[in-house]
file protein.txt (compact mmCIF, N, CA and C atoms)
# COMPACT_ATOMS: atom_id res chain seq x y z
N SER A 5 14.96 -15.12 7.19
CA SER A 5 14.41 -16.03 6.18
C SER A 5 12.93 -15.77 5.99
N ASN A 6 12.40 -16.23 4.86
CA ASN A 6 10.98 -16.04 4.58
C ASN A 6 10.10 -16.70 5.63
N CYS A 7 10.54 -17.86 6.12
CA CYS A 7 9.75 -18.60 7.11
C CYS A 7 9.61 -17.78 8.39
N THR A 8 10.70 -17.22 8.87
CA THR A 8 10.67 -16.42 10.09
C THR A 8 9.81 -15.17 9.88
N LEU A 9 9.95 -14.53 8.75
CA LEU A 9 9.15 -13.35 8.43
C LEU A 9 7.67 -13.71 8.37
N LYS A 10 7.36 -14.82 7.73
CA LYS A 10 5.97 -15.26 7.61
C LYS A 10 5.39 -15.58 8.98
N ASP A 11 6.16 -16.27 9.82
CA ASP A 11 5.69 -16.60 11.16
C ASP A 11 5.43 -15.35 11.99
N GLY A 12 6.35 -14.40 11.92
CA GLY A 12 6.20 -13.16 12.67
C GLY A 12 5.01 -12.35 12.19
N PHE A 13 4.84 -12.28 10.88
CA PHE A 13 3.72 -11.54 10.30
C PHE A 13 2.41 -12.20 10.69
N THR A 14 2.35 -13.53 10.63
CA THR A 14 1.14 -14.26 11.00
C THR A 14 0.76 -13.97 12.45
N ARG A 15 1.75 -14.00 13.36
CA ARG A 15 1.49 -13.68 14.77
C ARG A 15 0.96 -12.27 14.92
N TRP A 16 1.59 -11.33 14.20
CA TRP A 16 1.19 -9.92 14.28
C TRP A 16 -0.26 -9.74 13.83
N VAL A 17 -0.64 -10.38 12.73
CA VAL A 17 -2.01 -10.28 12.22
C VAL A 17 -2.98 -10.89 13.23
N PHE A 18 -2.68 -12.09 13.73
CA PHE A 18 -3.58 -12.74 14.68
C PHE A 18 -3.69 -11.96 15.99
N ASP A 19 -2.66 -11.20 16.32
CA ASP A 19 -2.69 -10.35 17.52
C ASP A 19 -3.44 -9.05 17.28
N GLY A 20 -3.95 -8.86 16.07
CA GLY A 20 -4.76 -7.68 15.78
C GLY A 20 -4.03 -6.58 15.05
N GLY A 21 -2.79 -6.83 14.63
CA GLY A 21 -2.04 -5.80 13.91
C GLY A 21 -1.81 -4.60 14.78
N ASN A 22 -2.04 -3.42 14.24
CA ASN A 22 -1.94 -2.20 15.04
C ASN A 22 -2.88 -1.16 14.46
N TRP A 23 -2.99 -0.03 15.12
CA TRP A 23 -3.91 1.02 14.67
C TRP A 23 -3.58 1.48 13.25
N LEU A 24 -2.31 1.46 12.90
CA LEU A 24 -1.90 1.93 11.58
C LEU A 24 -2.50 1.03 10.50
N ALA A 25 -2.51 -0.25 10.72
CA ALA A 25 -3.03 -1.19 9.73
C ALA A 25 -4.55 -1.13 9.63
N ARG A 26 -5.20 -0.87 10.75
CA ARG A 26 -6.67 -0.95 10.77
C ARG A 26 -7.37 0.39 10.59
N GLU A 27 -6.82 1.45 11.13
CA GLU A 27 -7.57 2.71 11.19
C GLU A 27 -6.95 3.86 10.41
N ASN A 28 -5.65 3.84 10.21
CA ASN A 28 -4.97 4.96 9.56
C ASN A 28 -4.95 4.70 8.06
N THR A 29 -6.13 4.74 7.45
CA THR A 29 -6.26 4.37 6.05
C THR A 29 -5.76 5.47 5.13
N MET A 30 -5.37 5.11 3.94
CA MET A 30 -4.98 6.11 2.95
C MET A 30 -6.20 6.95 2.56
N GLY A 31 -7.36 6.33 2.53
CA GLY A 31 -8.58 7.06 2.20
C GLY A 31 -8.83 8.23 3.14
N SER A 32 -8.41 8.07 4.39
CA SER A 32 -8.63 9.16 5.35
C SER A 32 -7.82 10.41 4.99
N PHE A 33 -6.80 10.26 4.20
CA PHE A 33 -5.98 11.40 3.79
C PHE A 33 -6.54 12.12 2.57
N VAL A 34 -7.45 11.48 1.83
CA VAL A 34 -7.93 12.06 0.58
C VAL A 34 -9.42 12.36 0.58
N LYS A 35 -10.07 12.18 1.73
CA LYS A 35 -11.50 12.44 1.84
C LYS A 35 -11.77 13.51 2.88
N ASP A 36 -12.87 14.23 2.67
CA ASP A 36 -13.28 15.20 3.67
C ASP A 36 -14.12 14.51 4.75
N GLU A 37 -14.65 15.29 5.68
CA GLU A 37 -15.41 14.70 6.80
C GLU A 37 -16.71 14.03 6.35
N ASN A 38 -17.17 14.33 5.13
CA ASN A 38 -18.37 13.69 4.60
C ASN A 38 -18.07 12.47 3.73
N GLY A 39 -16.78 12.13 3.61
CA GLY A 39 -16.41 10.96 2.83
C GLY A 39 -16.22 11.22 1.35
N ASN A 40 -16.21 12.49 0.95
CA ASN A 40 -16.00 12.84 -0.45
C ASN A 40 -14.52 12.95 -0.77
N VAL A 41 -14.09 12.36 -1.88
CA VAL A 41 -12.70 12.47 -2.31
C VAL A 41 -12.45 13.92 -2.72
N ILE A 42 -11.40 14.53 -2.16
CA ILE A 42 -11.15 15.96 -2.36
C ILE A 42 -9.85 16.23 -3.11
N ILE A 43 -9.36 15.22 -3.82
CA ILE A 43 -8.16 15.41 -4.62
C ILE A 43 -8.44 15.00 -6.07
N ASP A 44 -7.60 15.48 -6.97
CA ASP A 44 -7.80 15.21 -8.39
C ASP A 44 -7.06 13.97 -8.90
N PHE A 45 -6.00 13.60 -8.22
CA PHE A 45 -5.15 12.54 -8.75
C PHE A 45 -4.40 11.86 -7.61
N VAL A 46 -4.29 10.54 -7.70
CA VAL A 46 -3.51 9.78 -6.73
C VAL A 46 -2.36 9.13 -7.48
N GLY A 47 -1.14 9.47 -7.12
CA GLY A 47 0.02 8.80 -7.67
C GLY A 47 0.36 7.59 -6.83
N LYS A 48 0.85 6.56 -7.47
CA LYS A 48 1.18 5.32 -6.75
C LYS A 48 2.66 5.01 -6.93
N LEU A 49 3.25 4.44 -5.89
CA LEU A 49 4.66 4.08 -5.94
C LEU A 49 4.94 3.10 -7.08
N GLU A 50 4.03 2.18 -7.31
CA GLU A 50 4.28 1.16 -8.34
C GLU A 50 4.21 1.72 -9.76
N SER A 51 3.70 2.93 -9.92
CA SER A 51 3.71 3.59 -11.23
C SER A 51 4.28 5.00 -11.08
N LEU A 52 5.31 5.11 -10.27
CA LEU A 52 5.87 6.41 -9.90
C LEU A 52 6.32 7.24 -11.10
N ASP A 53 7.03 6.63 -12.03
CA ASP A 53 7.52 7.37 -13.20
C ASP A 53 6.38 8.04 -13.97
N SER A 54 5.40 7.25 -14.37
CA SER A 54 4.31 7.80 -15.18
C SER A 54 3.41 8.72 -14.36
N ASP A 55 3.20 8.40 -13.09
CA ASP A 55 2.35 9.25 -12.26
C ASP A 55 2.99 10.60 -11.99
N LEU A 56 4.30 10.62 -11.76
CA LEU A 56 4.98 11.90 -11.55
C LEU A 56 4.92 12.76 -12.81
N LYS A 57 5.09 12.12 -13.97
CA LYS A 57 4.97 12.86 -15.24
C LYS A 57 3.57 13.46 -15.38
N GLU A 58 2.56 12.69 -15.04
CA GLU A 58 1.18 13.17 -15.11
C GLU A 58 0.95 14.36 -14.18
N ILE A 59 1.43 14.27 -12.96
CA ILE A 59 1.26 15.36 -12.00
C ILE A 59 1.98 16.61 -12.49
N CYS A 60 3.21 16.45 -12.93
CA CYS A 60 3.98 17.60 -13.42
C CYS A 60 3.30 18.24 -14.63
N SER A 61 2.75 17.41 -15.51
CA SER A 61 2.05 17.90 -16.68
C SER A 61 0.81 18.71 -16.26
N ARG A 62 0.08 18.20 -15.29
CA ARG A 62 -1.13 18.88 -14.83
C ARG A 62 -0.83 20.25 -14.22
N ILE A 63 0.31 20.37 -13.55
CA ILE A 63 0.61 21.65 -12.91
C ILE A 63 1.54 22.51 -13.74
N GLY A 64 1.94 22.00 -14.91
CA GLY A 64 2.70 22.81 -15.85
C GLY A 64 4.17 22.97 -15.55
N VAL A 65 4.77 21.93 -14.99
CA VAL A 65 6.22 21.95 -14.76
C VAL A 65 6.84 20.73 -15.41
N GLY A 66 8.13 20.79 -15.68
CA GLY A 66 8.84 19.64 -16.23
C GLY A 66 9.01 18.58 -15.15
N SER A 67 8.98 17.33 -15.55
CA SER A 67 9.15 16.27 -14.56
C SER A 67 10.62 15.89 -14.44
N PRO A 68 11.07 15.74 -13.20
CA PRO A 68 12.47 15.36 -12.99
C PRO A 68 12.69 13.88 -13.32
N GLU A 69 13.93 13.55 -13.60
CA GLU A 69 14.27 12.14 -13.80
C GLU A 69 14.39 11.50 -12.42
N ILE A 70 13.77 10.36 -12.27
CA ILE A 70 13.81 9.66 -10.98
C ILE A 70 15.01 8.73 -10.97
N ARG A 71 15.79 8.84 -9.91
CA ARG A 71 16.91 7.92 -9.71
C ARG A 71 16.54 6.95 -8.60
N TYR A 72 16.82 5.70 -8.83
CA TYR A 72 16.53 4.68 -7.83
C TYR A 72 17.82 4.30 -7.13
N LEU A 73 17.91 4.60 -5.86
CA LEU A 73 19.11 4.33 -5.08
C LEU A 73 18.84 3.25 -4.05
N ASN A 74 19.85 2.49 -3.74
CA ASN A 74 19.79 1.51 -2.65
C ASN A 74 18.63 0.53 -2.83
N GLN A 75 18.42 0.06 -4.05
CA GLN A 75 17.36 -0.91 -4.30
C GLN A 75 17.76 -2.28 -3.77
N SER A 76 16.78 -2.98 -3.26
CA SER A 76 17.00 -4.34 -2.79
C SER A 76 17.34 -5.23 -3.97
N LYS A 77 18.33 -6.07 -3.81
CA LYS A 77 18.73 -6.98 -4.89
C LYS A 77 17.76 -8.15 -4.98
N LYS A 78 17.35 -8.63 -3.82
CA LYS A 78 16.50 -9.81 -3.78
C LYS A 78 15.06 -9.36 -3.52
N ARG A 79 14.20 -9.56 -4.50
CA ARG A 79 12.81 -9.16 -4.37
C ARG A 79 11.98 -10.35 -3.86
N MET A 80 11.14 -10.06 -2.88
CA MET A 80 10.22 -11.07 -2.39
C MET A 80 8.81 -10.54 -2.60
N SER A 81 7.94 -11.33 -3.15
CA SER A 81 6.57 -10.92 -3.34
C SER A 81 5.87 -10.87 -1.98
N TYR A 82 5.11 -9.81 -1.73
CA TYR A 82 4.44 -9.69 -0.44
C TYR A 82 3.49 -10.86 -0.20
N GLN A 83 2.96 -11.46 -1.28
CA GLN A 83 2.03 -12.58 -1.12
C GLN A 83 2.67 -13.77 -0.42
N GLU A 84 4.01 -13.88 -0.52
CA GLU A 84 4.71 -15.03 0.06
C GLU A 84 4.60 -15.11 1.58
N ILE A 85 4.35 -13.98 2.25
CA ILE A 85 4.30 -14.02 3.72
C ILE A 85 2.88 -14.23 4.25
N TYR A 86 1.91 -14.32 3.36
CA TYR A 86 0.53 -14.50 3.78
C TYR A 86 0.13 -15.96 3.80
N THR A 87 -0.76 -16.29 4.74
CA THR A 87 -1.49 -17.56 4.71
C THR A 87 -2.90 -17.20 4.24
N ASN A 88 -3.73 -18.18 3.97
CA ASN A 88 -5.12 -17.88 3.59
C ASN A 88 -5.82 -17.08 4.70
N GLU A 89 -5.54 -17.46 5.96
CA GLU A 89 -6.19 -16.79 7.08
C GLU A 89 -5.73 -15.34 7.20
N THR A 90 -4.41 -15.10 7.12
CA THR A 90 -3.94 -13.72 7.27
C THR A 90 -4.37 -12.87 6.08
N ARG A 91 -4.44 -13.48 4.91
CA ARG A 91 -4.91 -12.75 3.73
C ARG A 91 -6.35 -12.27 3.94
N ASN A 92 -7.21 -13.15 4.45
CA ASN A 92 -8.61 -12.78 4.68
C ASN A 92 -8.73 -11.66 5.71
N ILE A 93 -7.96 -11.73 6.77
CA ILE A 93 -8.00 -10.71 7.83
C ILE A 93 -7.53 -9.37 7.30
N VAL A 94 -6.38 -9.36 6.66
CA VAL A 94 -5.81 -8.10 6.17
C VAL A 94 -6.68 -7.52 5.06
N THR A 95 -7.23 -8.38 4.21
CA THR A 95 -8.13 -7.91 3.15
C THR A 95 -9.31 -7.15 3.76
N GLU A 96 -9.80 -7.62 4.88
CA GLU A 96 -10.89 -6.94 5.57
C GLU A 96 -10.42 -5.58 6.11
N TRP A 97 -9.23 -5.54 6.69
CA TRP A 97 -8.69 -4.28 7.24
C TRP A 97 -8.59 -3.21 6.17
N VAL A 98 -8.15 -3.59 4.97
CA VAL A 98 -7.84 -2.60 3.93
C VAL A 98 -8.89 -2.53 2.82
N ALA A 99 -10.06 -3.10 3.06
CA ALA A 99 -11.08 -3.18 2.01
C ALA A 99 -11.44 -1.82 1.43
N ASP A 100 -11.63 -0.82 2.28
CA ASP A 100 -12.02 0.51 1.78
C ASP A 100 -10.94 1.09 0.89
N ASP A 101 -9.68 1.01 1.33
CA ASP A 101 -8.58 1.54 0.51
C ASP A 101 -8.43 0.75 -0.79
N ALA A 102 -8.58 -0.57 -0.72
CA ALA A 102 -8.46 -1.39 -1.93
C ALA A 102 -9.51 -0.98 -2.95
N ASN A 103 -10.72 -0.75 -2.48
CA ASN A 103 -11.79 -0.32 -3.39
C ASN A 103 -11.53 1.08 -3.93
N LEU A 104 -11.13 1.99 -3.05
CA LEU A 104 -10.92 3.38 -3.44
C LEU A 104 -9.79 3.53 -4.45
N PHE A 105 -8.70 2.80 -4.23
CA PHE A 105 -7.50 2.98 -5.06
C PHE A 105 -7.31 1.87 -6.09
N GLY A 106 -8.23 0.93 -6.18
CA GLY A 106 -8.17 -0.10 -7.21
C GLY A 106 -7.10 -1.16 -6.98
N TYR A 107 -6.89 -1.54 -5.71
CA TYR A 107 -5.90 -2.59 -5.42
C TYR A 107 -6.58 -3.93 -5.26
N GLU A 108 -5.87 -4.96 -5.66
CA GLU A 108 -6.30 -6.34 -5.42
C GLU A 108 -5.14 -7.10 -4.80
N PHE A 109 -5.47 -8.13 -4.05
CA PHE A 109 -4.41 -8.95 -3.47
C PHE A 109 -3.67 -9.61 -4.60

call {"tool": "encode", "arguments": {"input": "protein.txt", "output": "structure tokens"}}
result
Amino acid sequence: SNCTLKDGFTRWVFDGGNWLARENTMGSFVKDENGNVIIDFVGKLESLDSDLKEICSRIGVGSPEIRYLNQSKKRMSYQEIYTNETRNIVTEWVADDANLFGYEF
């Protein structure tokens, strides 16, 4: 249930999360040792169709049709498992990536 998921997530955040949440940032994959972005384009899962078309266009190949398999029937917004406190903590953890990739809570 959402309540159990929210409780577990809240405990995990208050316990400090893990190295993946705090240190293994997406920015670390796209920057060099001096902090310069070294890629031309970042595709995002939430805009996968259009981003894949853009990438294929840039490299001069046709883009494949994406098939979505095994999709969840019941969608839950990630915001539902956050409290104000956990939102503030996690926002701090991911601030650099949010700024770099244009994400907002």

call {"tool": "residues_around", "arguments": {"input": "protein.txt", "residues": "region 96-103 of chain A", "least_positions_apart": "5", "cutoff": "8 Å", "atoms": "all atoms listed in the file", "output": "compact mmCIF listing (two decimals) with N, CA and C atoms, in the coordinates of the input"}}
result
# COMPACT_ATOMS: atom_id res chain seq x y z
N ALA A 25 -2.51 -0.25 10.72
CA ALA A 25 -3.03 -1.19 9.73
C ALA A 25 -4.55 -1.13 9.63
N ARG A 26 -5.20 -0.87 10.75
CA ARG A 26 -6.67 -0.95 10.77
C ARG A 26 -7.37 0.39 10.59
N GLU A 27 -6.82 1.45 11.13
CA GLU A 27 -7.57 2.71 11.19
C GLU A 27 -6.95 3.86 10.41
N THR A 29 -6.13 4.74 7.45
CA THR A 29 -6.26 4.37 6.05
C THR A 29 -5.76 5.47 5.13
N MET A 30 -5.37 5.11 3.94
CA MET A 30 -4.98 6.11 2.95
C MET A 30 -6.20 6.95 2.56
N GLY A 31 -7.36 6.33 2.53
CA GLY A 31 -8.58 7.06 2.20
C GLY A 31 -8.83 8.23 3.14
N SER A 32 -8.41 8.07 4.39
CA SER A 32 -8.63 9.16 5.35
C SER A 32 -7.82 10.41 4.99
N THR A 90 -4.41 -15.10 7.12
CA THR A 90 -3.94 -13.72 7.27
C THR A 90 -4.37 -12.87 6.08
N ARG A 91 -4.44 -13.48 4.91
CA ARG A 91 -4.91 -12.75 3.73
C ARG A 91 -6.35 -12.27 3.94
N GLU A 108 -5.87 -4.96 -5.66
CA GLU A 108 -6.30 -6.34 -5.42
C GLU A 108 -5.14 -7.10 -4.80
N PHE A 109 -5.47 -8.13 -4.05
CA PHE A 109 -4.41 -8.95 -3.47
C PHE A 109 -3.67 -9.61 -4.60

call {"tool": "atom_distance", "arguments": {"input": "protein.txt", "atom1": "CA of Ser51 (chain A)", "atom2": "CA of Tyr86 (chain A)"}}
result
23.7 Å

call {"tool": "closest_residue", "arguments": {"input": "protein.txt", "among": "A:Lys10, A:Leu56, A:Val17, A:Arg79", "to": "Val94 (chain A)", "atoms": "only N, CA and C atoms"}}
result
A:Val17

call {"tool": "select_by_dssp", "arguments": {"input": "protein.txt", "residues": "region 37-109 of chain A", "states": "helix (DSSP H, G or I)", "output": "JSON, numbers by chain"}}
result
{"A": [49, 50, 51, 52, 53, 54, 55, 56, 57, 58, 59, 60, 61, 62, 63, 82, 83, 84, 85, 88, 89, 90, 91, 92, 93, 94, 95, 96, 97, 99, 100, 101, 102, 103, 104, 105]}

call {"tool": "atom_distance", "arguments": {"input": "protein.txt", "atom1": "CA of Thr14 (chain A)", "atom2": "CA of Thr95 (chain A)"}}
result
13.7 Å

call {"tool": "residues_around", "arguments": {"input": "protein.txt", "residues": "region 63-68 of chain A", "least_positions_apart": "4", "cutoff": "12 Å", "atoms": "only C-alpha atoms", "output": "PyMOL selection string"}}
result
chain A and resi 44-45+52-59

call {"tool": "atom_distance", "arguments": {"input": "protein.txt", "atom1": "CA of Trp16 (chain A)", "atom2": "CA of Gly39 (chain A)"}}
result
29.6 Å

call {"tool": "axis_aligned_box", "arguments": {"input": "protein.txt", "around": "region 14-26 of chain A", "padding_each_side": "3 Å", "output": "JSON"}}
result
{"center_x": -2.5, "center_y": -6.2, "center_z": 13.6, "size_x": 15.7, "size_y": 22.2, "size_z": 13.9}

call {"tool": "closest_residue", "arguments": {"input": "protein.txt", "among": "A:Gly106, A:Gly12, A:Gly20, A:Gly47", "to": "Ile93 (chain A)", "atoms": "only C-alpha atoms"}}
result
A:Gly20
